Amino acid sequence: MNTHSPPVKLTESQTRNRSRSRYWIKYWQIYAMIIPGFIYFILFKYIPISGSIIAFQDYNLYTGIWKSPFVGFKHFETLFTYPEFLNILTNTILISMYQLVFGFPAPVLLAILLNEVRKMWFKRSIQTIMYLPHFLSWVIVGGLVINVLSPNYGIVNDLLNFFGFERIFFMQKPEYFRSIVVWSGIWKEVGWNTIIYLAALASINPELYEAADVDGAGRLRKIISITLPALLPTIMVLLLIRIGHILDLGFEQVYILLNPIVTAKGQILDTYIYSIGLLGGQYSYTTAIGIFKSVVGLILILGFNRISKKLTGQSLF
């Protein structure tokens, strides 16, 4: 006599739930590692978004958000009718474009050059030297830039004087300010930014280079036909991210180098927000500027992401 009961047949829903439970039990450590990052974004990225409502209020620090009166788009109208707004926006866009044209390709070129170095001790030494400026604050770098360009004891003016040229007050010349900002930024960050590209280069199959050697390809041909195509996905992703932040130049660098004489060429949105927001107490107005920057960045990244997807097949999403 068979006393065993027949096996219970599970429904499709029960099977799916059981499979899902096994999945969570198996990979719970991975998801546990995500939790701190998830909490960080909730606390410091998403919750603060609710504070953007003060852009549509006459926010009062003492009465708070709930009791401050709504004024609609008043602060946006003030922003777009402000006489100096166009000049500040132009400065921001021009410096950002200079950084994009001259600063963005620099780490790509440096990574390719380092990749061609065959002496490992020399390659690592150069990498270490190029990384060091990244760990210096802009206060230190700004002081170095001012000292190097000093008309009295700066090495640049000493060289100009040695070759018979007159000394130049670089930091007091508005026409030089944007170039100083761009090239000091490149010097500080170019080495650090090569890390991503060097990692992408390390993933290239060495057999591709060996096959190119067999075909008689030189170094330049291998860079054009193998190295650059392998870097293209990384380049496009980072370029799209950079375009989305075209109005975010970074406050510290420009503020350290800025002075009243070059304000007409050097005042950007970030320094303007600091001067009228934190120092002037116009919190609603500066929040409106922040929303304007975010909207412009969103439009740019969506537009260029779509263009990149059609032209190169590479995109963020």
# chains A, B, ... in the order shown; residues from 1 in each chain; ligands from 1
call {"tool": "closest_atom_pairs", "arguments": {"of": "stretch 127-226 of chain A", "to": "stretch 265-288 of chain A", "cutoff": "7 Å", "atoms": "only C-alpha atoms", "output": "Markdown table"}}
result
| residue | atom | partner | partner_atom | distance |
| --- | --- | --- | --- | --- |
| A:Pro174 | CA | A:Lys265 | CA | 5.8 |
| A:Phe177 | CA | A:Gly266 | CA | 6.6 |
| A:Arg178 | CA | A:Gly266 | CA | 6.8 |
call {"tool": "write_last_selection", "arguments": {"atoms": "all heavy atoms", "output": "mmCIF file, in the first residue's frame"}}
result
data_model
loop_
_atom_site.group_PDB
_atom_site.id
_atom_site.type_symbol
_atom_site.label_atom_id
_atom_site.label_comp_id
_atom_site.auth_asym_id
_atom_site.auth_seq_id
_atom_site.Cartn_x
_atom_site.Cartn_y
_atom_site.Cartn_z
ATOM 1 N N PRO A 174 41.600 91.647 -18.607
ATOM 2 C CA PRO A 174 40.390 90.840 -18.856
ATOM 3 C C PRO A 174 40.518 89.890 -20.039
ATOM 4 O O PRO A 174 39.939 88.800 -20.023
ATOM 5 C CB PRO A 174 39.312 91.910 -19.111
ATOM 6 C CG PRO A 174 39.813 93.142 -18.428
ATOM 7 C CD PRO A 174 41.299 93.088 -18.553
ATOM 8 N N PHE A 177 41.876 86.441 -18.956
ATOM 9 C CA PHE A 177 41.283 85.723 -17.827
ATOM 10 C C PHE A 177 40.719 84.360 -18.228
ATOM 11 O O PHE A 177 40.974 83.349 -17.557
ATOM 12 C CB PHE A 177 40.180 86.566 -17.175
ATOM 13 C CG PHE A 177 39.560 85.900 -15.978
ATOM 14 C CD1 PHE A 177 40.199 85.907 -14.754
ATOM 15 C CD2 PHE A 177 38.340 85.228 -16.081
ATOM 16 C CE1 PHE A 177 39.650 85.288 -13.645
ATOM 17 C CE2 PHE A 177 37.786 84.607 -14.982
ATOM 18 C CZ PHE A 177 38.437 84.632 -13.763
ATOM 19 N N ARG A 178 39.951 84.312 -19.299
ATOM 20 C CA ARG A 178 39.326 83.047 -19.707
ATOM 21 C C ARG A 178 40.386 81.997 -20.054
ATOM 22 O O ARG A 178 40.237 80.816 -19.699
ATOM 23 C CB ARG A 178 38.399 83.276 -20.901
ATOM 24 C CG ARG A 178 37.175 84.116 -20.566
ATOM 25 C CD ARG A 178 36.450 84.551 -21.824
ATOM 26 N NE ARG A 178 35.291 85.382 -21.513
ATOM 27 C CZ ARG A 178 34.673 86.145 -22.404
ATOM 28 N NH1 ARG A 178 35.077 86.162 -23.667
ATOM 29 N NH2 ARG A 178 33.641 86.886 -22.038
#
call {"tool": "closest_atom_pairs", "arguments": {"of": "stretch 39-101 of chain A", "to": "stretch 226-240 of chain A", "cutoff": "12 Å", "atoms": "only C-alpha atoms", "output": "Markdown table"}}
result
| residue | atom | partner | partner_atom | distance |
| --- | --- | --- | --- | --- |
| A:Gln99 | CA | A:Leu239 | CA | 11.7 |
| A:Leu100 | CA | A:Leu239 | CA | 8.5 |
| A:Val101 | CA | A:Leu239 | CA | 10.8 |
call {"tool": "atom_distance", "arguments": {"atom1": "atom CA of A:Tyr176", "atom2": "atom CA of A:Leu110"}}
result
25.3 Å
call {"tool": "residues_around", "arguments": {"residues": "A:Val156", "least_positions_apart": "6", "cutoff": "12 Å", "atoms": "only C-alpha atoms", "output": "list in words"}}
result
Val145, Ile146, Asn147, Val148, Leu149, Ser150, Phe162, Phe163, Phe165, Glu166, Arg167, Ile168, Phe169 and Phe170 of chain A
call {"tool": "write_last_selection", "arguments": {"atoms": "C-alpha atoms", "output": "CSV table (one decimal), in the first residue's frame"}}
result
chain,number,residue,atom,x,y,z
A,145,VAL,CA,48.8,80.6,-10.9
A,146,ILE,CA,48.9,84.1,-9.5
A,147,ASN,CA,52.5,83.7,-8.4
A,148,VAL,CA,53.6,82.2,-11.7
A,149,LEU,CA,52.0,85.0,-13.7
A,150,SER,CA,53.1,87.8,-11.3
A,162,PHE,CA,64.7,87.7,-20.8
A,163,PHE,CA,63.6,87.6,-24.4
A,165,PHE,CA,59.4,91.7,-24.1
A,166,GLU,CA,57.6,93.9,-21.6
A,167,ARG,CA,56.1,92.4,-18.5
A,168,ILE,CA,52.4,91.7,-18.6
A,169,PHE,CA,49.9,92.1,-15.7
A,170,PHE,CA,48.1,88.9,-16.7
call {"tool": "atom_distance", "arguments": {"atom1": "atom CA of A:Leu247", "atom2": "atom CA of A:Tyr98"}}
result
12.4 Å
call {"tool": "residues_around", "arguments": {"residues": "A:Glu77", "least_positions_apart": "2", "cutoff": "12 Å", "atoms": "only C-alpha atoms", "output": "list in words"}}
result
Ala55, Phe56, Val71, Gly72, Phe73, Lys74, His75, Leu79, Phe80, Thr81, Tyr82, Pro83, Phe85, Tyr285, Ala288, Ile289 and Phe292 of chain A
call {"tool": "write_last_selection", "arguments": {"atoms": "N, CA and C atoms", "output": "compact mmCIF listing (two decimals), in the first residue's frame"}}
result
# COMPACT_ATOMS: atom_id res chain seq x y z
N ALA A 55 11.73 79.06 -5.44
CA ALA A 55 11.94 79.87 -6.64
C ALA A 55 10.65 80.56 -7.07
N PHE A 56 9.52 80.05 -6.61
CA PHE A 56 8.22 80.63 -6.96
C PHE A 56 7.61 81.37 -5.77
N VAL A 71 4.76 83.95 -5.63
CA VAL A 71 4.84 85.08 -6.56
C VAL A 71 4.92 84.60 -8.01
N GLY A 72 4.73 83.31 -8.23
CA GLY A 72 4.75 82.79 -9.59
C GLY A 72 6.13 82.86 -10.21
N PHE A 73 6.21 83.39 -11.45
CA PHE A 73 7.47 83.44 -12.20
C PHE A 73 8.17 84.79 -12.07
N LYS A 74 7.92 85.48 -10.99
CA LYS A 74 8.50 86.81 -10.78
C LYS A 74 10.03 86.78 -10.83
N HIS A 75 10.64 85.81 -10.16
CA HIS A 75 12.11 85.76 -10.09
C HIS A 75 12.72 85.36 -11.43
N LEU A 79 15.31 87.58 -13.59
CA LEU A 79 16.55 87.01 -14.12
C LEU A 79 16.74 87.38 -15.59
N PHE A 80 15.71 87.19 -16.40
CA PHE A 80 15.86 87.40 -17.84
C PHE A 80 15.85 88.88 -18.23
N THR A 81 15.40 89.73 -17.34
CA THR A 81 15.41 91.17 -17.63
C THR A 81 16.57 91.89 -16.95
N TYR A 82 17.37 91.15 -16.18
CA TYR A 82 18.52 91.76 -15.51
C TYR A 82 19.53 92.19 -16.57
N PRO A 83 19.98 93.46 -16.55
CA PRO A 83 20.85 93.97 -17.63
C PRO A 83 22.14 93.18 -17.82
N PHE A 85 22.60 89.96 -17.11
CA PHE A 85 22.40 88.51 -17.22
C PHE A 85 23.00 87.95 -18.51
N TYR A 285 15.63 84.09 -5.69
CA TYR A 285 16.19 84.49 -6.98
C TYR A 285 17.27 83.52 -7.43
N ALA A 288 15.93 80.23 -8.56
CA ALA A 288 15.41 80.33 -9.93
C ALA A 288 16.54 80.18 -10.95
N ILE A 289 17.70 80.75 -10.64
CA ILE A 289 18.86 80.59 -11.52
C ILE A 289 19.28 79.12 -11.58
N PHE A 292 16.95 77.25 -13.79
CA PHE A 292 17.26 77.58 -15.18
C PHE A 292 18.45 76.76 -15.68
call {"tool": "select_by_dssp", "arguments": {"residues": "stretch 38-224 of chain A", "states": "helix (DSSP H, G or I)", "output": "ChimeraX atom specification"}}
result
/A:38-56,64-67,74-81,85-103,105-116,120-135,138-148,155-162,170-172,174-202,206-214,219-224
call {"tool": "closest_residue", "arguments": {"among": "A:Asn193, A:Gln172, A:Thr263, A:Asn152", "to": "A:Gly103", "atoms": "only C-alpha atoms"}}
result
A:Asn193
call {"tool": "closest_residue", "arguments": {"among": "A:Thr194, A:Asn205, A:Asn161, A:Ser68", "to": "A:Ile112", "atoms": "only C-alpha atoms"}}
result
A:Thr194
call {"tool": "decode", "arguments": {"residues": "stretch 184-196 of chain A", "atoms": "all heavy atoms", "output": "PDB file, in the first residue's frame"}}
result
ATOM      1  N   SER A 184      44.631  76.559 -16.521  1.00  0.00           N
ATOM      2  CA  SER A 184      44.891  76.118 -15.142  1.00  0.00           C
ATOM      3  C   SER A 184      44.022  74.914 -14.795  1.00  0.00           C
ATOM      4  O   SER A 184      44.472  73.999 -14.086  1.00  0.00           O
ATOM      5  CB  SER A 184      44.632  77.265 -14.154  1.00  0.00           C
ATOM      6  OG  SER A 184      43.274  77.686 -14.190  1.00  0.00           O
ATOM      7  N   GLY A 185      42.797  74.874 -15.308  1.00  0.00           N
ATOM      8  CA  GLY A 185      41.928  73.719 -15.098  1.00  0.00           C
ATOM      9  C   GLY A 185      42.459  72.475 -15.772  1.00  0.00           C
ATOM     10  O   GLY A 185      42.410  71.370 -15.217  1.00  0.00           O
ATOM     11  N   ILE A 186      42.985  72.637 -16.992  1.00  0.00           N
ATOM     12  CA  ILE A 186      43.575  71.492 -17.705  1.00  0.00           C
ATOM     13  C   ILE A 186      44.773  70.958 -16.926  1.00  0.00           C
ATOM     14  O   ILE A 186      44.924  69.746 -16.737  1.00  0.00           O
ATOM     15  CB  ILE A 186      43.978  71.899 -19.126  1.00  0.00           C
ATOM     16  CG1 ILE A 186      42.734  72.211 -19.965  1.00  0.00           C
ATOM     17  CG2 ILE A 186      44.796  70.801 -19.798  1.00  0.00           C
ATOM     18  CD1 ILE A 186      43.038  72.762 -21.345  1.00  0.00           C
ATOM     19  N   TRP A 187      45.651  71.853 -16.490  1.00  0.00           N
ATOM     20  CA  TRP A 187      46.851  71.425 -15.749  1.00  0.00           C
ATOM     21  C   TRP A 187      46.481  70.655 -14.488  1.00  0.00           C
ATOM     22  O   TRP A 187      47.120  69.659 -14.145  1.00  0.00           O
ATOM     23  CB  TRP A 187      47.684  72.649 -15.387  1.00  0.00           C
ATOM     24  CG  TRP A 187      48.874  72.316 -14.539  1.00  0.00           C
ATOM     25  CD1 TRP A 187      50.064  71.792 -14.957  1.00  0.00           C
ATOM     26  CD2 TRP A 187      48.976  72.457 -13.120  1.00  0.00           C
ATOM     27  NE1 TRP A 187      50.909  71.610 -13.885  1.00  0.00           N
ATOM     28  CE2 TRP A 187      50.272  72.008 -12.741  1.00  0.00           C
ATOM     29  CE3 TRP A 187      48.116  72.929 -12.127  1.00  0.00           C
ATOM     30  CZ2 TRP A 187      50.710  72.022 -11.417  1.00  0.00           C
ATOM     31  CZ3 TRP A 187      48.541  72.940 -10.808  1.00  0.00           C
ATOM     32  CH2 TRP A 187      49.833  72.486 -10.463  1.00  0.00           C
ATOM     33  N   LYS A 188      45.434  71.085 -13.818  1.00  0.00           N
ATOM     34  CA  LYS A 188      45.063  70.456 -12.545  1.00  0.00           C
ATOM     35  C   LYS A 188      44.400  69.096 -12.735  1.00  0.00           C
ATOM     36  O   LYS A 188      44.642  68.166 -11.957  1.00  0.00           O
ATOM     37  CB  LYS A 188      44.122  71.376 -11.761  1.00  0.00           C
ATOM     38  CG  LYS A 188      43.748  70.870 -10.369  1.00  0.00           C
ATOM     39  CD  LYS A 188      42.884  71.889  -9.646  1.00  0.00           C
ATOM     40  CE  LYS A 188      42.606  71.436  -8.219  1.00  0.00           C
ATOM     41  NZ  LYS A 188      41.837  70.194  -8.121  1.00  0.00           N
ATOM     42  N   GLU A 189      43.582  68.934 -13.755  1.00  0.00           N
ATOM     43  CA  GLU A 189      42.739  67.748 -13.849  1.00  0.00           C
ATOM     44  C   GLU A 189      43.079  66.787 -14.974  1.00  0.00           C
ATOM     45  O   GLU A 189      42.528  65.692 -15.016  1.00  0.00           O
ATOM     46  CB  GLU A 189      41.267  68.178 -14.015  1.00  0.00           C
ATOM     47  CG  GLU A 189      40.723  68.996 -12.865  1.00  0.00           C
ATOM     48  CD  GLU A 189      40.665  68.220 -11.555  1.00  0.00           C
ATOM     49  OE1 GLU A 189      40.734  66.973 -11.577  1.00  0.00           O
ATOM     50  OE2 GLU A 189      40.567  68.860 -10.498  1.00  0.00           O
ATOM     51  N   VAL A 190      43.970  67.157 -15.879  1.00  0.00           N
ATOM     52  CA  VAL A 190      44.195  66.305 -17.050  1.00  0.00           C
ATOM     53  C   VAL A 190      44.728  64.933 -16.662  1.00  0.00           C
ATOM     54  O   VAL A 190      44.324  63.908 -17.223  1.00  0.00           O
ATOM     55  CB  VAL A 190      45.150  67.004 -18.051  1.00  0.00           C
ATOM     56  CG1 VAL A 190      46.538  67.194 -17.461  1.00  0.00           C
ATOM     57  CG2 VAL A 190      45.226  66.225 -19.353  1.00  0.00           C
ATOM     58  N   GLY A 191      45.634  64.883 -15.691  1.00  0.00           N
ATOM     59  CA  GLY A 191      46.186  63.589 -15.291  1.00  0.00           C
ATOM     60  C   GLY A 191      45.161  62.687 -14.656  1.00  0.00           C
ATOM     61  O   GLY A 191      45.082  61.482 -14.958  1.00  0.00           O
ATOM     62  N   TRP A 192      44.339  63.264 -13.791  1.00  0.00           N
ATOM     63  CA  TRP A 192      43.316  62.463 -13.093  1.00  0.00           C
ATOM     64  C   TRP A 192      42.272  61.945 -14.063  1.00  0.00           C
ATOM     65  O   TRP A 192      41.806  60.814 -13.938  1.00  0.00           O
ATOM     66  CB  TRP A 192      42.671  63.310 -12.005  1.00  0.00           C
ATOM     67  CG  TRP A 192      41.682  62.585 -11.159  1.00  0.00           C
ATOM     68  CD1 TRP A 192      40.325  62.651 -11.229  1.00  0.00           C
ATOM     69  CD2 TRP A 192      41.970  61.640 -10.101  1.00  0.00           C
ATOM     70  NE1 TRP A 192      39.756  61.844 -10.291  1.00  0.00           N
ATOM     71  CE2 TRP A 192      40.739  61.209  -9.583  1.00  0.00           C
ATOM     72  CE3 TRP A 192      43.149  61.150  -9.558  1.00  0.00           C
ATOM     73  CZ2 TRP A 192      40.662  60.288  -8.553  1.00  0.00           C
ATOM     74  CZ3 TRP A 192      43.077  60.233  -8.523  1.00  0.00           C
ATOM     75  CH2 TRP A 192      41.835  59.822  -8.031  1.00  0.00           C
ATOM     76  N   ASN A 193      41.902  62.756 -15.044  1.00  0.00           N
ATOM     77  CA  ASN A 193      40.868  62.351 -15.998  1.00  0.00           C
ATOM     78  C   ASN A 193      41.328  61.255 -16.957  1.00  0.00           C
ATOM     79  O   ASN A 193      40.502  60.639 -17.634  1.00  0.00           O
ATOM     80  CB  ASN A 193      40.388  63.560 -16.803  1.00  0.00           C
ATOM     81  CG  ASN A 193      39.607  64.547 -15.947  1.00  0.00           C
ATOM     82  OD1 ASN A 193      39.040  64.183 -14.914  1.00  0.00           O
ATOM     83  ND2 ASN A 193      39.593  65.800 -16.346  1.00  0.00           N
ATOM     84  N   THR A 194      42.629  61.021 -17.025  1.00  0.00           N
ATOM     85  CA  THR A 194      43.111  59.960 -17.909  1.00  0.00           C
ATOM     86  C   THR A 194      42.834  58.565 -17.350  1.00  0.00           C
ATOM     87  O   THR A 194      42.910  57.580 -18.097  1.00  0.00           O
ATOM     88  CB  THR A 194      44.636  60.080 -18.123  1.00  0.00           C
ATOM     89  OG1 THR A 194      45.303  60.013 -16.852  1.00  0.00           O
ATOM     90  CG2 THR A 194      44.995  61.364 -18.832  1.00  0.00           C
ATOM     91  N   ILE A 195      42.514  58.474 -16.056  1.00  0.00           N
ATOM     92  CA  ILE A 195      42.328  57.168 -15.419  1.00  0.00           C
ATOM     93  C   ILE A 195      41.259  56.358 -16.141  1.00  0.00           C
ATOM     94  O   ILE A 195      41.425  55.161 -16.415  1.00  0.00           O
ATOM     95  CB  ILE A 195      41.981  57.333 -13.930  1.00  0.00           C
ATOM     96  CG1 ILE A 195      43.175  57.914 -13.177  1.00  0.00           C
ATOM     97  CG2 ILE A 195      41.561  56.005 -13.316  1.00  0.00           C
ATOM     98  CD1 ILE A 195      42.900  58.209 -11.725  1.00  0.00           C
ATOM     99  N   ILE A 196      40.138  57.008 -16.452  1.00  0.00           N
ATOM    100  CA  ILE A 196      39.027  56.307 -17.114  1.00  0.00           C
ATOM    101  C   ILE A 196      39.458  55.800 -18.489  1.00  0.00           C
ATOM    102  O   ILE A 196      39.166  54.662 -18.879  1.00  0.00           O
ATOM    103  CB  ILE A 196      37.805  57.222 -17.227  1.00  0.00           C
ATOM    104  CG1 ILE A 196      37.307  57.622 -15.834  1.00  0.00           C
ATOM    105  CG2 ILE A 196      36.680  56.537 -18.011  1.00  0.00           C
ATOM    106  CD1 ILE A 196      36.169  58.610 -15.843  1.00  0.00           C
TER     107      ILE A 196
END
